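So this block is run.cif, mmCIF, C-alpha atoms and all ligand atoms:
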```cif
data_model
#
loop_
_atom_site.group_PDB
_atom_site.id
_atom_site.type_symbol
_atom_site.label_atom_id
_atom_site.label_comp_id
_atom_site.auth_asym_id
_atom_site.auth_seq_id
_atom_site.Cartn_x
_atom_site.Cartn_y
_atom_site.Cartn_z
ATOM 1 C CA MET K 1 58.976 87.806 -42.358
ATOM 2 C CA ASN K 2 58.696 89.590 -39.040
ATOM 3 C CA GLN K 3 59.729 93.258 -39.478
ATOM 4 C CA ASP K 4 61.090 93.542 -35.937
ATOM 5 C CA PHE K 5 63.349 90.566 -36.519
ATOM 6 C CA LEU K 6 64.612 91.977 -39.822
ATOM 7 C CA HIS K 7 65.320 95.272 -38.104
ATOM 8 C CA SER K 8 67.246 93.467 -35.355
ATOM 9 C CA LEU K 9 69.417 91.798 -38.025
ATOM 10 C CA GLU K 10 70.099 95.192 -39.614
ATOM 11 C CA GLN K 11 71.109 96.497 -36.215
ATOM 12 C CA LYS K 12 73.465 93.527 -35.793
ATOM 13 C CA ALA K 13 75.057 94.351 -39.146
ATOM 14 C CA THR K 14 75.650 97.890 -37.908
ATOM 15 C CA LEU K 15 77.226 96.598 -34.695
ATOM 16 C CA CYS K 16 79.460 94.355 -36.801
ATOM 17 C CA ARG K 17 80.461 97.314 -38.992
ATOM 18 C CA LEU K 18 81.409 99.079 -35.751
ATOM 19 C CA ASN K 19 83.634 96.083 -34.938
ATOM 20 C CA VAL K 20 85.344 96.620 -38.302
ATOM 21 C CA SER K 21 85.825 100.271 -37.459
ATOM 22 C CA ARG K 22 87.454 99.175 -34.185
ATOM 23 C CA MET K 23 89.917 96.981 -36.135
ATOM 24 C CA MET K 24 90.617 99.831 -38.561
ATOM 25 C CA ARG K 25 91.339 102.154 -35.649
ATOM 26 C CA ALA K 26 93.700 99.632 -34.050
ATOM 27 C CA SER K 27 95.708 98.818 -37.177
ATOM 28 C CA GLY K 28 95.226 101.968 -39.243
ATOM 29 C CA HIS K 29 94.501 100.009 -42.395
ATOM 30 C CA GLY K 30 92.535 97.123 -43.858
ATOM 31 C CA HIS K 31 90.338 95.814 -46.668
ATOM 32 C CA ILE K 32 87.217 97.698 -45.676
ATOM 33 C CA GLY K 33 85.583 97.778 -49.128
ATOM 34 C CA GLY K 34 84.828 94.065 -49.423
ATOM 35 C CA ALA K 35 84.259 93.654 -45.686
ATOM 36 C CA PHE K 36 81.489 96.265 -45.742
ATOM 37 C CA SER K 37 79.900 95.127 -49.022
ATOM 38 C CA SER K 38 79.471 91.572 -47.710
ATOM 39 C CA MET K 39 78.573 92.482 -44.103
ATOM 40 C CA ASP K 40 74.793 92.163 -44.452
ATOM 41 C CA ILE K 41 75.112 88.670 -45.952
ATOM 42 C CA VAL K 42 77.582 87.378 -43.371
ATOM 43 C CA THR K 43 75.497 88.839 -40.534
ATOM 44 C CA ALA K 44 72.344 87.100 -41.808
ATOM 45 C CA LEU K 45 74.211 83.819 -42.283
ATOM 46 C CA TYR K 46 75.529 83.727 -38.722
ATOM 47 C CA PHE K 47 72.668 85.369 -36.837
ATOM 48 C CA TYR K 48 69.809 83.843 -38.809
ATOM 49 C CA LYS K 49 70.728 80.845 -40.933
ATOM 50 C CA MET K 50 73.702 78.816 -39.777
ATOM 51 C CA LYS K 51 73.781 76.283 -37.004
ATOM 52 C CA VAL K 52 76.962 77.131 -35.103
ATOM 53 C CA TRP K 53 77.813 77.082 -31.419
ATOM 54 C CA PRO K 54 80.384 79.689 -30.288
ATOM 55 C CA GLU K 55 80.928 77.786 -27.027
ATOM 56 C CA ASP K 56 81.553 74.547 -28.987
ATOM 57 C CA PRO K 57 83.013 75.782 -32.276
ATOM 58 C CA ASP K 58 84.154 72.372 -33.535
ATOM 59 C CA ARG K 59 80.850 70.561 -32.950
ATOM 60 C CA ALA K 60 80.634 67.912 -35.670
ATOM 61 C CA ASP K 61 77.149 68.822 -36.869
ATOM 62 C CA ARG K 62 77.865 72.552 -37.289
ATOM 63 C CA ASP K 63 77.361 74.353 -40.561
ATOM 64 C CA ARG K 64 80.516 75.643 -42.218
ATOM 65 C CA PHE K 65 81.340 79.103 -43.514
ATOM 66 C CA LEU K 66 84.391 79.769 -45.657
ATOM 67 C CA LEU K 67 85.425 83.243 -46.628
ATOM 68 C CA SER K 68 86.913 82.451 -50.007
ATOM 69 C CA ALA K 69 87.806 86.092 -50.590
ATOM 70 C CA GLY K 70 89.966 86.017 -47.465
ATOM 71 C CA HIS K 71 91.163 89.612 -47.751
ATOM 72 C CA LYS K 72 87.714 90.583 -46.426
ATOM 73 C CA SER K 73 88.752 88.923 -43.131
ATOM 74 C CA MET K 74 87.424 91.833 -41.073
ATOM 75 C CA VAL K 75 83.864 90.860 -42.005
ATOM 76 C CA GLN K 76 84.339 87.402 -40.510
ATOM 77 C CA TYR K 77 86.227 88.615 -37.426
ATOM 78 C CA ALA K 78 83.542 91.242 -36.780
ATOM 79 C CA VAL K 79 80.707 88.725 -36.913
ATOM 80 C CA LEU K 80 82.530 85.978 -34.986
ATOM 81 C CA ALA K 81 83.309 88.496 -32.230
ATOM 82 C CA GLU K 82 79.695 89.702 -32.139
ATOM 83 C CA MET K 83 78.555 86.056 -31.901
ATOM 84 C CA GLY K 84 80.919 85.448 -28.963
ATOM 85 C CA PHE K 85 83.470 83.131 -30.581
ATOM 86 C CA PHE K 86 86.235 85.195 -28.969
ATOM 87 C CA PRO K 87 86.510 88.289 -26.727
ATOM 88 C CA LYS K 88 86.064 91.601 -28.532
ATOM 89 C CA GLU K 89 89.373 92.841 -27.070
ATOM 90 C CA LEU K 90 91.089 90.635 -29.659
ATOM 91 C CA LEU K 91 89.764 92.980 -32.360
ATOM 92 C CA ASP K 92 92.347 95.501 -31.169
ATOM 93 C CA THR K 93 95.132 93.160 -32.296
ATOM 94 C CA TYR K 94 93.901 92.967 -35.892
ATOM 95 C CA GLY K 95 96.770 92.877 -38.368
ATOM 96 C CA SER K 96 99.558 93.115 -35.781
ATOM 97 C CA LEU K 97 102.529 90.740 -35.631
ATOM 98 C CA HIS K 98 101.517 87.280 -34.284
ATOM 99 C CA SER K 99 97.893 88.376 -33.919
ATOM 100 C CA ARG K 100 95.223 85.694 -33.966
ATOM 101 C CA LEU K 101 93.455 88.033 -36.396
ATOM 102 C CA PRO K 102 95.880 88.341 -39.292
ATOM 103 C CA GLY K 103 95.059 90.103 -42.546
ATOM 104 C CA HIS K 104 93.813 86.787 -43.947
ATOM 105 C CA PRO K 105 91.957 84.240 -41.776
ATOM 106 C CA ASN K 106 93.931 81.395 -40.228
ATOM 107 C CA MET K 107 92.014 78.330 -38.999
ATOM 108 C CA HIS K 108 94.869 77.399 -36.682
ATOM 109 C CA LYS K 109 94.619 80.681 -34.796
ATOM 110 C CA LEU K 110 90.943 81.425 -34.342
ATOM 111 C CA PRO K 111 87.855 79.357 -33.473
ATOM 112 C CA GLY K 112 85.160 79.564 -36.126
ATOM 113 C CA VAL K 113 87.569 79.850 -39.060
ATOM 114 C CA GLU K 114 87.217 76.722 -41.222
ATOM 115 C CA ALA K 115 90.000 77.247 -43.763
ATOM 116 C CA ASN K 116 92.980 79.446 -44.482
ATOM 117 C CA THR K 117 91.991 81.725 -47.315
ATOM 118 C CA GLY K 118 93.392 84.825 -48.936
ATOM 119 C CA ALA K 119 95.046 83.378 -51.988
ATOM 120 C CA LEU K 120 91.963 83.956 -54.131
ATOM 121 C CA GLY K 121 90.308 81.101 -55.991
ATOM 122 C CA HIS K 122 90.448 78.288 -53.462
ATOM 123 C CA GLY K 123 87.431 78.672 -51.195
ATOM 124 C CA LEU K 124 84.856 77.264 -53.596
ATOM 125 C CA ALA K 125 86.859 74.074 -54.153
ATOM 126 C CA ILE K 126 87.468 73.622 -50.421
ATOM 127 C CA ALA K 127 83.795 74.293 -49.672
ATOM 128 C CA ALA K 128 82.640 71.830 -52.338
ATOM 129 C CA GLY K 129 84.979 69.145 -51.005
ATOM 130 C CA MET K 130 83.825 69.783 -47.436
ATOM 131 C CA ALA K 131 80.186 69.570 -48.480
ATOM 132 C CA MET K 132 80.805 66.268 -50.279
ATOM 133 C CA GLY K 133 82.644 64.880 -47.254
ATOM 134 C CA LEU K 134 79.837 65.897 -44.884
ATOM 135 C CA ARG K 135 77.296 64.282 -47.179
ATOM 136 C CA LEU K 136 79.350 61.068 -47.303
ATOM 137 C CA ASP K 137 79.395 61.063 -43.494
ATOM 138 C CA GLY K 138 75.619 61.442 -43.411
ATOM 139 C CA LYS K 139 75.855 64.822 -41.660
ATOM 140 C CA PRO K 140 73.061 67.392 -42.060
ATOM 141 C CA SER K 141 75.579 70.265 -42.165
ATOM 142 C CA GLN K 142 75.397 72.935 -44.842
ATOM 143 C CA VAL K 143 78.424 74.699 -46.314
ATOM 144 C CA TYR K 144 78.409 78.386 -47.277
ATOM 145 C CA THR K 145 81.094 80.395 -48.994
ATOM 146 C CA ILE K 146 81.531 83.939 -50.299
ATOM 147 C CA LEU K 147 83.525 84.762 -53.398
ATOM 148 C CA GLY K 148 84.445 88.195 -54.669
ATOM 149 C CA ASP K 149 83.402 89.123 -58.195
ATOM 150 C CA GLY K 150 87.025 89.931 -59.045
ATOM 151 C CA GLU K 151 87.983 86.566 -57.588
ATOM 152 C CA LEU K 152 86.041 84.858 -60.378
ATOM 153 C CA ALA K 153 89.039 85.502 -62.634
ATOM 154 C CA GLU K 154 90.807 82.620 -60.879
ATOM 155 C CA GLY K 155 90.322 79.585 -63.134
ATOM 156 C CA SER K 156 90.175 77.182 -60.189
ATOM 157 C CA ASN K 157 86.689 78.527 -59.379
ATOM 158 C CA TRP K 158 85.365 77.113 -62.606
ATOM 159 C CA GLU K 159 86.787 73.644 -61.993
ATOM 160 C CA ALA K 160 85.123 73.709 -58.585
ATOM 161 C CA ALA K 161 81.855 74.966 -60.092
ATOM 162 C CA ALA K 162 81.848 72.102 -62.588
ATOM 163 C CA ALA K 163 82.695 69.481 -59.965
ATOM 164 C CA ALA K 164 80.058 70.703 -57.487
ATOM 165 C CA ALA K 165 77.362 70.519 -60.144
ATOM 166 C CA HIS K 166 78.583 67.182 -61.494
ATOM 167 C CA HIS K 167 78.494 65.639 -58.022
ATOM 168 C CA LYS K 168 75.118 67.226 -57.242
ATOM 169 C CA VAL K 169 76.446 68.936 -54.127
ATOM 170 C CA ASP K 170 73.218 70.530 -52.940
ATOM 171 C CA ASN K 171 74.401 71.134 -49.358
ATOM 172 C CA LEU K 172 76.660 73.858 -50.805
ATOM 173 C CA THR K 173 75.669 77.517 -51.208
ATOM 174 C CA ALA K 174 77.997 80.085 -52.700
ATOM 175 C CA PHE K 175 77.567 83.842 -52.831
ATOM 176 C CA VAL K 176 79.311 86.145 -55.237
ATOM 177 C CA ASP K 177 79.716 89.536 -53.579
ATOM 178 C CA PHE K 178 78.939 91.365 -56.820
ATOM 179 C CA ASN K 179 80.170 94.845 -55.879
ATOM 180 C CA GLY K 180 81.498 95.485 -59.388
ATOM 181 C CA LEU K 181 84.986 96.418 -58.196
ATOM 182 C CA GLN K 182 88.194 94.600 -57.496
ATOM 183 C CA ILE K 183 91.631 95.776 -56.387
ATOM 184 C CA SER K 184 92.401 98.093 -59.283
ATOM 185 C CA GLY K 185 89.039 99.141 -60.677
ATOM 186 C CA LYS K 186 85.893 97.867 -62.333
ATOM 187 C CA VAL K 187 85.662 94.105 -62.668
ATOM 188 C CA THR K 188 84.165 94.559 -66.144
ATOM 189 C CA GLU K 189 87.353 96.379 -67.211
ATOM 190 C CA VAL K 190 89.942 94.157 -65.456
ATOM 191 C CA MET K 191 88.429 90.751 -66.325
ATOM 192 C CA ASN K 192 84.763 90.669 -67.219
ATOM 193 C CA PHE K 193 82.789 87.662 -65.980
ATOM 194 C CA THR K 194 79.300 89.063 -66.475
ATOM 195 C CA PRO K 195 76.688 87.705 -66.808
ATOM 196 C CA ILE K 196 77.698 85.759 -63.690
ATOM 197 C CA ASP K 197 74.265 84.181 -63.181
ATOM 198 C CA GLU K 198 74.144 82.703 -66.697
ATOM 199 C CA LYS K 199 77.645 81.252 -66.374
ATOM 200 C CA PHE K 200 76.845 79.398 -63.158
ATOM 201 C CA ARG K 201 73.498 78.267 -64.582
ATOM 202 C CA ALA K 202 75.349 76.858 -67.595
ATOM 203 C CA PHE K 203 77.641 74.976 -65.204
ATOM 204 C CA GLY K 204 74.564 73.333 -63.643
ATOM 205 C CA TRP K 205 73.940 75.512 -60.584
ATOM 206 C CA ALA K 206 70.605 76.850 -59.378
ATOM 207 C CA VAL K 207 71.044 80.615 -59.331
ATOM 208 C CA ARG K 208 69.265 83.661 -57.925
ATOM 209 C CA GLU K 209 70.271 87.300 -58.092
ATOM 210 C CA ILE K 210 69.475 89.618 -55.182
ATOM 211 C CA ASP K 211 70.332 92.948 -53.626
ATOM 212 C CA GLY K 212 72.981 91.793 -51.159
ATOM 213 C CA ASN K 213 72.620 94.843 -48.936
ATOM 214 C CA ASP K 214 68.862 94.335 -48.462
ATOM 215 C CA MET K 215 68.225 92.250 -45.360
ATOM 216 C CA THR K 216 64.697 91.298 -46.442
ATOM 217 C CA GLN K 217 65.924 89.876 -49.745
ATOM 218 C CA ILE K 218 68.857 88.118 -48.084
ATOM 219 C CA VAL K 219 66.660 86.400 -45.494
ATOM 220 C CA GLU K 220 63.966 85.423 -48.013
ATOM 221 C CA THR K 221 66.658 83.930 -50.242
ATOM 222 C CA LEU K 222 68.255 82.009 -47.354
ATOM 223 C CA ASP K 223 64.792 80.614 -46.570
ATOM 224 C CA ALA K 224 64.527 79.264 -50.127
ATOM 225 C CA LEU K 225 67.722 77.146 -49.945
ATOM 226 C CA PRO K 226 68.469 74.773 -51.537
ATOM 227 C CA PHE K 227 66.952 76.322 -54.642
ATOM 228 C CA GLU K 228 66.729 72.978 -56.475
ATOM 229 C CA PRO K 229 67.335 69.479 -55.141
ATOM 230 C CA GLY K 230 70.472 67.947 -56.659
ATOM 231 C CA LYS K 231 72.084 71.299 -57.551
ATOM 232 C CA PRO K 232 74.473 73.585 -55.679
ATOM 233 C CA SER K 233 72.961 77.027 -55.040
ATOM 234 C CA MET K 234 74.517 80.294 -56.197
ATOM 235 C CA ILE K 235 73.421 83.703 -54.950
ATOM 236 C CA VAL K 236 74.700 86.545 -57.087
ATOM 237 C CA ALA K 237 74.440 89.372 -54.584
ATOM 238 C CA ARG K 238 74.589 92.881 -55.995
ATOM 239 C CA THR K 239 76.259 95.010 -53.352
ATOM 240 C CA VAL K 240 77.880 98.394 -52.874
ATOM 241 C CA LYS K 241 81.567 98.230 -52.094
ATOM 242 C CA SER K 242 82.348 99.894 -48.725
ATOM 243 C CA LYS K 243 78.602 100.028 -47.920
ATOM 244 C CA GLY K 244 78.300 102.100 -44.735
ATOM 245 C CA LEU K 245 81.464 104.178 -45.171
ATOM 246 C CA LYS K 246 80.053 107.327 -46.807
ATOM 247 C CA GLN K 247 83.127 108.528 -48.673
ATOM 248 C CA GLY K 248 84.046 105.007 -49.779
ATOM 249 C CA GLU K 249 80.805 103.659 -51.212
ATOM 250 C CA GLY K 250 81.376 102.433 -54.756
ATOM 251 C CA ASN K 251 84.877 103.946 -54.777
ATOM 252 C CA PRO K 252 87.702 101.567 -55.819
ATOM 253 C CA ALA K 253 90.210 103.631 -53.783
ATOM 254 C CA PHE K 254 88.640 102.144 -50.637
ATOM 255 C CA HIS K 255 89.423 98.515 -51.528
ATOM 256 C CA TYR K 256 92.181 98.928 -48.923
ATOM 257 C CA TRP K 257 91.793 101.929 -46.641
ATOM 258 C CA ASN K 258 94.474 103.750 -44.670
ATOM 259 C CA ALA K 259 92.332 105.392 -42.004
ATOM 260 C CA SER K 260 93.252 108.148 -39.566
ATOM 261 C CA PRO K 261 91.768 108.139 -36.023
ATOM 262 C CA GLU K 262 89.630 111.146 -37.034
ATOM 263 C CA GLU K 263 88.222 109.218 -40.002
ATOM 264 C CA CYS K 264 87.447 106.288 -37.691
ATOM 265 C CA ASP K 265 85.690 108.727 -35.322
ATOM 266 C CA ALA K 266 83.504 109.942 -38.186
ATOM 267 C CA LEU K 267 82.708 106.378 -39.261
ATOM 268 C CA ASP K 268 81.778 105.469 -35.686
ATOM 269 C CA ARG K 269 79.495 108.496 -35.443
ATOM 270 C CA ASP K 270 77.689 107.565 -38.661
ATOM 271 C CA LEU K 271 77.245 103.950 -37.614
ATOM 272 C CA ILE K 272 76.168 104.766 -34.052
ATOM 273 C CA SER K 273 73.518 107.134 -35.420
ATOM 274 C CA MET K 274 71.930 104.073 -37.071
ATOM 275 C CA LEU K 275 71.539 102.214 -33.780
ATOM 276 C CA ASP K 276 68.287 102.286 -31.804
ATOM 277 C CA GLU K 277 70.184 102.269 -28.529
ATOM 278 C CA LYS K 278 73.180 104.502 -28.919
ATOM 279 C CA GLU K 279 76.484 103.054 -27.745
ATOM 280 C CA GLU K 280 78.641 105.216 -25.488
HETATM 281 C C1 LIG Z 1 95.677 84.493 -56.083
HETATM 282 C C2 LIG Z 1 95.595 85.931 -55.711
HETATM 283 N N1 LIG Z 1 95.907 86.865 -56.624
HETATM 284 C C3 LIG Z 1 95.840 88.176 -56.283
HETATM 285 C C4 LIG Z 1 95.490 88.551 -55.013
HETATM 286 C C5 LIG Z 1 95.484 90.024 -54.635
HETATM 287 N N2 LIG Z 1 94.150 90.533 -54.429
HETATM 288 C C6 LIG Z 1 93.683 90.742 -53.170
HETATM 289 S S1 LIG Z 1 92.118 91.333 -53.187
HETATM 290 C C7 LIG Z 1 92.069 91.336 -54.873
HETATM 291 C C8 LIG Z 1 90.849 91.794 -55.608
HETATM 292 C C9 LIG Z 1 89.655 90.998 -55.234
HETATM 293 O O1 LIG Z 1 88.499 91.588 -55.768
HETATM 294 P P1 LIG Z 1 87.106 91.010 -55.391
HETATM 295 O O2 LIG Z 1 87.150 89.535 -55.458
HETATM 296 O O3 LIG Z 1 86.100 91.672 -56.257
HETATM 297 O O4 LIG Z 1 86.956 91.411 -53.863
HETATM 298 P P2 LIG Z 1 86.219 92.666 -53.177
HETATM 299 O O5 LIG Z 1 85.715 93.577 -54.224
HETATM 300 O O6 LIG Z 1 85.066 92.104 -52.423
HETATM 301 O O7 LIG Z 1 87.217 93.274 -52.263
HETATM 302 C C10 LIG Z 1 93.264 90.884 -55.411
HETATM 303 C C11 LIG Z 1 93.525 90.760 -56.854
HETATM 304 C C12 LIG Z 1 95.188 87.530 -54.094
HETATM 305 N N3 LIG Z 1 94.812 87.797 -52.832
HETATM 306 N N4 LIG Z 1 95.237 86.230 -54.462
HETATM 307 MG MG MG Z 2 84.575 92.957 -55.913
#
```

In structure tokens, how does this file's structure come out?
Amino acid sequence: MNQDFLHSLEQKATLCRLNVSRMMRASGHGHIGGAFSSMDIVTALYFYKMKVWPEDPDRADRDRFLLSAGHKSMVQYAVLAEMGFFPKELLDTYGSLHSRLPGHPNMHKLPGVEANTGALGHGLAIAAGMAMGLRLDGKPSQVYTILGDGELAEGSNWEAAAAAAHHKVDNLTAFVDFNGLQISGKVTEVMNFTPIDEKFRAFGWAVREIDGNDMTQIVETLDALPFEPGKPSMIVARTVKSKGLKQGEGNPAFHYWNASPEECDALDRDLISMLDEKEE
């Protein structure tokens, strides 16, 4: 893999984290922990892997992305804005009354959003059904979804996992954003689903485990999809919650962050220092 290209993807992820910071500044609060842990994956999906057209967001042969863990909505808004699905000025409305960028994504409000998510436990089933429908229609489209590790406690995930394997839905790829934390603490203490890889393998999925904040590993893994013909692919991505927000990394208190303008200034400074060309 070309090092310059990998570096450019990392830079994109930083720009997208800056978009999250912009939303945090505008609203004063948001689910930054899961948005930042999954940012490198979502950036690679949109800027490297998926076939999508911001100027024609409903094109029939597009790939689909569903953010099953919809509370991380800022990750999707940040990347869609960076891709040009909507003007960046909309980021300043995040979370406000009647905004097209509500706390949880709404497909009726924003181009590029494929499903309303936020009630945890539904994205995998919707994604599996979409993938089956696309296959029935003879479409080449791929479907990608991201689950939270805490989200795995929803039983509906396991029905969807069984059905996707049973129906050999190999145009479906799911990630678990394995940051080890959910709303109130460690996933292993609230509801332990480890080993996640072995569970999905037992359900009939082809599974790989990666460092989900390492762009090289993410891209190499995306290149290897589908892992096995006739099986849905699962990527268990070990990540750091709030990756990129110094004081929040790995800290459950930053699942939902109430940020002051000064804290947003500091976050901006840290992120801008990572850019080759510094933003004004
Ligand atoms: C059905 C349902 N129950 C509870 C919640 C409240 N809730 C929002 S986020 C969250 C924790 C999710 O943890 P995880 O999936 O690990 O996400 P991440 O760590 O990436 O933020 C919970 C329980 C919800 N959104 N939906
Ligand atoms: Mg989590």

For Leu6 of chain K, which residue out of K:Gln217, K:Ser233, K:Asn179, K:Gln247 is the nearest one, using only C-alpha atoms?
->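 Using only C-alpha atoms, the shortest distance to Leu6 of chain K belongs to K:Gln217.
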
Carefully work through the PyMOL selection byres (((chain K and resi 112) around 8) and not hetatm) for this structure and note down the residues it includes, as a ChimeraX atom specification.
-> /K:54,57-58,80,85,107,110-111,113-114

Convert the output of the PyMOL selection byres (((chain K and resi 172) around 12) and not hetatm) on the shown file into explicit residues, formatted as a PyMOL selection string.
-> chain K and resi 63-66+123-135+140-146+160-161+163-165+167-171+173-175+205-206+225-235

Separation of atom CA of Thr43 of chain K from atom CA of Lys199 of chain K, in Å and rounded to one decimal |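 Atom CA of Thr43 of chain K sits 27.0 Å away from atom CA of Lys199 of chain K.
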
Can I get the residues close to ligand LIG 1 (chain Z) as a ChimeraX atom specification, where close means within 7 Å and we count only C-alpha atoms and all ligand atoms?
-> /K:31,33-35,37,69,71-72,118-121,147-152,177,179-183,187,241,255

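Here the question is which of K:Lys51, K:His104, K:Arg238, K:His166 gets nearest to ligand MG 2 (chain Z) using only C-alpha atoms and all ligand atoms, and that residue is K:Arg238.
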
Please identify all polymer residues within 7 Å of Val236 of chain K, counting all atoms listed in the file, omitting same-chain residues fewer than 3 positions from it, and present them as a PyMOL selection string.
-> chain K and resi 175-178+197+208-210

Is it possible to get the axis-aligned box enclosing segment 129-146 of chain K (all listed atoms, 3 Å extra per side) as AutoDock Vina command-line options, with centre and edge lengths in Å rounded to one decimal?
```
--center_x 79.0 --center_y 72.5 --center_z -46.3 --size_x 17.9 --size_y 28.9 --size_z 15.3
```

Compare K:Ala202, K:Ser38, K:Ala78, K:Glu262 by their minimum atom-to-atom distance to ligand MG 2 (chain Z), counting all atoms listed in the file, and give me the closest one.
->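 So, comparing all the options, the nearest one is K:Ser38.
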
Counting all atoms listed in the file, the option among K:Ala224, K:Met274, K:Met23, K:Ala153 closest to ligand MG 2 (chain Z) = K:Ala153

Which value, in Å to one decimal, gives the distance between atom CA of Cys264 of chain K and atom CA of Tyr48 of chain K?
-> 28.6 Å

For atom CA of Val219 of chain K and atom CA of Thr239 of chain K, determine how far apart the two atoms are, in Å to one decimal place.
-> 15.1 Å

Which one of K:Thr14, K:Thr117, K:Ser242, K:Thr221 sits closest to Lys49 of chain K if you count all atoms listed in the file?
-> K:Thr221

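Closest approach to ligand MG 2 (chain Z) among K:Lys278, K:Arg201, K:Lys186, K:Lys88: K:Lys186, based on all atoms listed in the file.
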
Starting from the shown file, work through the PyMOL selection byres (((chain K and resi 275) around 10) and not hetatm) and note down what comes out as an NGL selection string.
-> :K and (8 or 10-12 or 14-15 or 270-274 or 276-279)

List the neighbours of Arg25 of chain K out to 10 Å using only C-alpha atoms; skip same-chain residues closer than 6 positions along the sequence, and give me the result as a PyMOL selection string.
-> chain K and resi 19+91-92+94+258-265
